[in-house]
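See below for the structure under consideration.
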Amino acid sequence: QVQVVESGGGLVQAGGSLRLSCTASGRTGSTFDMGWFRQAPGKERNIVAAINWRDIYTYYADTVKGRFTISRDSAKNTMYLQMNDLQPEDTAVYYCAAYYTVTYATPKIKPSDYRFWGQGTQVTVSS
């Protein structure tokens with residue numbers, strides 16, 4: 001099992017920045033891809049960005065391309081999401097997630113593909 005814990009959410013004005021962190025613990029010796037998802041009230045949980053275990057392949061939702069950057073420090077078992085130029089529509093609970101993999105490919109993007117989930121961290125962007 002892998003446990004993941006998010007941190008770094010908060011309240012920011014439009015145009016501002018935040019950096020989310022996700023620290024993994026447990027069976028971190030196995031290889032696993034990781035991703036950030038978000039869910040606004042009354043909406044589905046959707047992928048924001050994902051990164052594979054070799055830190056080579058990444059995926060970004062169209063709505064965040066050019067504004068968000070995903071990265072991973074494998075030595076620290078920590079993944080980051082740098083969010084710049086935040087907008088009110090970015091307001092949501094952001095979740096960190098992971099799944100074991102033995103492949104070397106673009107990470108998966110469906111929530112159902114991810115086995116391990118954090119509790120989420122709230123990001124609120126005021127206009």
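We name chains A, B, ... following the order of the structure tokens; residues begin at 1 in each chain, and ligands are numbered from 1 as shown.
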
> Tell me, which residues of region 33-94 of chain A carry DSSP strand (DSSP E), written as a PyMOL selection string?
Replying inline: chain A and resi 33-39+46-51+58-60+68-73+78-83+92-94

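In this comparison, which uses only C-alpha atoms, the residue of A:Gly120, A:Gly35, A:Gly10, A:Gly42 approaching Ala61 (chain A) most closely is A:Gly35.
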
> What's the 8 Å shell around region 99-104 of chain A, counting only C-alpha atoms, without same-chain residues fewer than 6 positions away, as a list in words?
Replying inline: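 Once the adjacent positions are removed, what remains is Ser30, Thr31, Phe32, Asp33, Met34, Asn52, Trp53, Arg54, Asp113, Tyr114, Arg115 and Phe116 of chain A.
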
Please dump the current selection as a CSV table (one decimal), in the first residue's frame; keep N, CA and C atoms.
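Saved to part13.csv:
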chain,number,residue,atom,x,y,z
A,30,SER,N,8.2,0.3,-4.6
A,30,SER,CA,7.6,-0.1,-5.9
A,30,SER,C,7.4,1.1,-6.8
A,31,THR,N,7.4,0.9,-8.1
A,31,THR,CA,7.2,2.0,-9.0
A,31,THR,C,5.7,2.4,-9.1
A,32,PHE,N,5.5,3.7,-9.1
A,32,PHE,CA,4.1,4.1,-9.2
A,32,PHE,C,4.0,5.5,-9.9
A,33,ASP,N,3.1,5.6,-10.8
A,33,ASP,CA,2.8,6.9,-11.4
A,33,ASP,C,1.9,7.7,-10.4
A,34,MET,N,1.9,9.0,-10.6
A,34,MET,CA,1.1,9.9,-9.7
A,34,MET,C,0.4,11.0,-10.5
A,52,ASN,N,4.8,10.2,-14.8
A,52,ASN,CA,5.1,8.8,-14.6
A,52,ASN,C,6.3,8.6,-13.7
A,53,TRP,N,6.6,7.4,-13.3
A,53,TRP,CA,7.5,7.1,-12.2
A,53,TRP,C,8.9,7.5,-12.6
A,54,ARG,N,9.2,7.6,-13.9
A,54,ARG,CA,10.6,8.0,-14.3
A,54,ARG,C,10.7,9.5,-14.5
A,113,ASP,N,-8.4,4.6,-12.7
A,113,ASP,CA,-7.1,3.9,-12.8
A,113,ASP,C,-6.2,4.1,-11.6
A,114,TYR,N,-6.6,5.0,-10.7
A,114,TYR,CA,-5.7,5.3,-9.6
A,114,TYR,C,-6.2,4.6,-8.4
A,115,ARG,N,-5.3,3.9,-7.7
A,115,ARG,CA,-5.7,3.1,-6.5
A,115,ARG,C,-5.6,3.8,-5.2
A,116,PHE,N,-4.6,4.7,-5.1
A,116,PHE,CA,-4.3,5.3,-3.8
A,116,PHE,C,-4.6,6.8,-3.9

Surrounding residues of Leu20 (chain A) excluding itself and chain neighbours under 4 positions, 9 Å, only C-alpha atoms, as a PDB file with all heavy atoms, in the first residue's frame:
ATOM      1  N   GLU A   6      -1.653  15.298   0.800  1.00  0.00           N
ATOM      2  CA  GLU A   6      -1.482  16.586   0.130  1.00  0.00           C
ATOM      3  C   GLU A   6      -1.294  17.704   1.142  1.00  0.00           C
ATOM      4  O   GLU A   6      -1.763  17.611   2.285  1.00  0.00           O
ATOM      5  CB  GLU A   6      -2.717  16.935  -0.727  1.00  0.00           C
ATOM      6  CG  GLU A   6      -3.191  15.861  -1.649  1.00  0.00           C
ATOM      7  CD  GLU A   6      -4.285  15.017  -1.064  1.00  0.00           C
ATOM      8  OE1 GLU A   6      -4.405  14.952   0.183  1.00  0.00           O
ATOM      9  OE2 GLU A   6      -5.036  14.402  -1.840  1.00  0.00           O
ATOM     10  N   SER A   7      -0.665  18.763   0.682  1.00  0.00           N
ATOM     11  CA  SER A   7      -0.559  19.983   1.473  1.00  0.00           C
ATOM     12  C   SER A   7      -0.354  21.148   0.519  1.00  0.00           C
ATOM     13  O   SER A   7      -0.017  20.954  -0.654  1.00  0.00           O
ATOM     14  CB  SER A   7       0.611  19.901   2.465  1.00  0.00           C
ATOM     15  OG  SER A   7       1.840  19.764   1.781  1.00  0.00           O
ATOM     16  N   GLY A   8      -0.582  22.362   1.037  1.00  0.00           N
ATOM     17  CA  GLY A   8      -0.282  23.540   0.248  1.00  0.00           C
ATOM     18  C   GLY A   8      -1.474  24.300  -0.292  1.00  0.00           C
ATOM     19  O   GLY A   8      -1.305  25.337  -0.937  1.00  0.00           O
ATOM     20  N   GLY A   9      -2.670  23.812  -0.041  1.00  0.00           N
ATOM     21  CA  GLY A   9      -3.833  24.550  -0.525  1.00  0.00           C
ATOM     22  C   GLY A   9      -4.048  25.837   0.242  1.00  0.00           C
ATOM     23  O   GLY A   9      -3.348  26.121   1.218  1.00  0.00           O
ATOM     24  N   MET A  79       5.608  14.713  -4.815  1.00  0.00           N
ATOM     25  CA  MET A  79       5.186  15.288  -6.083  1.00  0.00           C
ATOM     26  C   MET A  79       4.694  16.703  -5.821  1.00  0.00           C
ATOM     27  O   MET A  79       4.155  16.980  -4.741  1.00  0.00           O
ATOM     28  CB  MET A  79       4.063  14.439  -6.686  1.00  0.00           C
ATOM     29  CG  MET A  79       3.458  14.990  -7.948  1.00  0.00           C
ATOM     30  SD  MET A  79       2.146  13.941  -8.622  1.00  0.00           S
ATOM     31  CE  MET A  79       0.897  14.059  -7.348  1.00  0.00           C
ATOM     32  N   TYR A  80       4.886  17.567  -6.806  1.00  0.00           N
ATOM     33  CA  TYR A  80       4.489  18.960  -6.650  1.00  0.00           C
ATOM     34  C   TYR A  80       3.585  19.382  -7.800  1.00  0.00           C
ATOM     35  O   TYR A  80       3.655  18.833  -8.897  1.00  0.00           O
ATOM     36  CB  TYR A  80       5.717  19.871  -6.630  1.00  0.00           C
ATOM     37  CG  TYR A  80       6.727  19.505  -5.579  1.00  0.00           C
ATOM     38  CD1 TYR A  80       7.824  18.699  -5.899  1.00  0.00           C
ATOM     39  CD2 TYR A  80       6.587  19.942  -4.277  1.00  0.00           C
ATOM     40  CE1 TYR A  80       8.756  18.358  -4.937  1.00  0.00           C
ATOM     41  CE2 TYR A  80       7.516  19.604  -3.305  1.00  0.00           C
ATOM     42  CZ  TYR A  80       8.599  18.813  -3.643  1.00  0.00           C
ATOM     43  OH  TYR A  80       9.521  18.467  -2.681  1.00  0.00           O
ATOM     44  N   LEU A  81       2.784  20.406  -7.527  1.00  0.00           N
ATOM     45  CA  LEU A  81       2.007  21.054  -8.575  1.00  0.00           C
ATOM     46  C   LEU A  81       2.155  22.557  -8.373  1.00  0.00           C
ATOM     47  O   LEU A  81       1.598  23.121  -7.423  1.00  0.00           O
ATOM     48  CB  LEU A  81       0.536  20.647  -8.529  1.00  0.00           C
ATOM     49  CG  LEU A  81      -0.311  21.196  -9.677  1.00  0.00           C
ATOM     50  CD1 LEU A  81       0.097  20.540 -11.010  1.00  0.00           C
ATOM     51  CD2 LEU A  81      -1.792  20.966  -9.428  1.00  0.00           C
ATOM     52  N   GLN A  82       2.936  23.177  -9.231  1.00  0.00           N
ATOM     53  CA  GLN A  82       3.089  24.626  -9.204  1.00  0.00           C
ATOM     54  C   GLN A  82       1.970  25.223 -10.029  1.00  0.00           C
ATOM     55  O   GLN A  82       1.866  24.946 -11.230  1.00  0.00           O
ATOM     56  CB  GLN A  82       4.450  25.031  -9.764  1.00  0.00           C
ATOM     57  CG  GLN A  82       4.669  26.529  -9.820  1.00  0.00           C
ATOM     58  CD  GLN A  82       4.703  27.164  -8.451  1.00  0.00           C
ATOM     59  OE1 GLN A  82       5.326  26.645  -7.528  1.00  0.00           O
ATOM     60  NE2 GLN A  82       4.035  28.302  -8.300  1.00  0.00           N
ATOM     61  N   MET A  83       1.166  26.046  -9.409  1.00  0.00           N
ATOM     62  CA  MET A  83       0.001  26.625 -10.078  1.00  0.00           C
ATOM     63  C   MET A  83       0.177  28.137 -10.154  1.00  0.00           C
ATOM     64  O   MET A  83       0.241  28.822  -9.123  1.00  0.00           O
ATOM     65  CB  MET A  83      -1.274  26.285  -9.304  1.00  0.00           C
ATOM     66  CG  MET A  83      -1.470  24.788  -9.084  1.00  0.00           C
ATOM     67  SD  MET A  83      -3.041  24.375  -8.317  1.00  0.00           S
ATOM     68  CE  MET A  83      -2.822  25.106  -6.692  1.00  0.00           C
ATOM     69  N   TYR A  94      -8.336  19.699  -4.429  1.00  0.00           N
ATOM     70  CA  TYR A  94      -7.312  19.048  -5.229  1.00  0.00           C
ATOM     71  C   TYR A  94      -6.846  17.777  -4.524  1.00  0.00           C
ATOM     72  O   TYR A  94      -6.520  17.794  -3.334  1.00  0.00           O
ATOM     73  CB  TYR A  94      -6.131  19.991  -5.447  1.00  0.00           C
ATOM     74  CG  TYR A  94      -6.420  21.042  -6.488  1.00  0.00           C
ATOM     75  CD1 TYR A  94      -7.338  22.064  -6.241  1.00  0.00           C
ATOM     76  CD2 TYR A  94      -5.796  21.011  -7.732  1.00  0.00           C
ATOM     77  CE1 TYR A  94      -7.629  23.018  -7.197  1.00  0.00           C
ATOM     78  CE2 TYR A  94      -6.072  21.965  -8.695  1.00  0.00           C
ATOM     79  CZ  TYR A  94      -6.981  22.964  -8.422  1.00  0.00           C
ATOM     80  OH  TYR A  94      -7.270  23.908  -9.378  1.00  0.00           O
ATOM     81  N   THR A 121      -6.983  18.752  -0.683  1.00  0.00           N
ATOM     82  CA  THR A 121      -6.672  20.053  -0.113  1.00  0.00           C
ATOM     83  C   THR A 121      -7.441  21.115  -0.893  1.00  0.00           C
ATOM     84  O   THR A 121      -7.503  21.076  -2.117  1.00  0.00           O
ATOM     85  CB  THR A 121      -5.159  20.328  -0.134  1.00  0.00           C
ATOM     86  OG1 THR A 121      -4.872  21.556   0.534  1.00  0.00           O
ATOM     87  CG2 THR A 121      -4.595  20.383  -1.545  1.00  0.00           C
TER      88      THR A 121
END

>> From the options A:Asn77, A:Gln39, A:Asn46, A:Gln13, which residue's atoms come nearest to Asp62 (chain A), counting only C-alpha atoms?
In response: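 That would be A:Asn46, the residue with the smallest distance to Asp62 (chain A).
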
>> Env of Leu11 (chain A): 8 Å cut, atoms = only C-alpha atoms, seq-sep filter 6 positions within chain, self excluded. Answer as a PyMOL selection string.
In response: chain A and resi 123-126

>> One number please: CA of Arg72 (chain A) to CA of Thr91 (chain A), in Å, one decimal.
In response: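 Here the two named atoms are 23.0 Å from each other.
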
>> Would you compute the distance between CA of Thr78 (chain A) and CA of Arg45 (chain A)? Give it in Å to one decimal.
In response: 21.8 Å

>> So, with only C-alpha atoms as the atoms that count, which of A:Ala92, A:Arg67, A:Asp73, A:Ala98 lies closest to Gln1 (chain A)?
In response: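 Among the listed residues, the smallest separation from Gln1 (chain A) belongs to A:Ala98.
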
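Comparing the minimum interatomic distances between Ala75 (chain A) and each of A:Ile47, A:Asp55, A:Lys108, A:Gln3, counting only C-alpha atoms, we find that A:Asp55 sits nearest.
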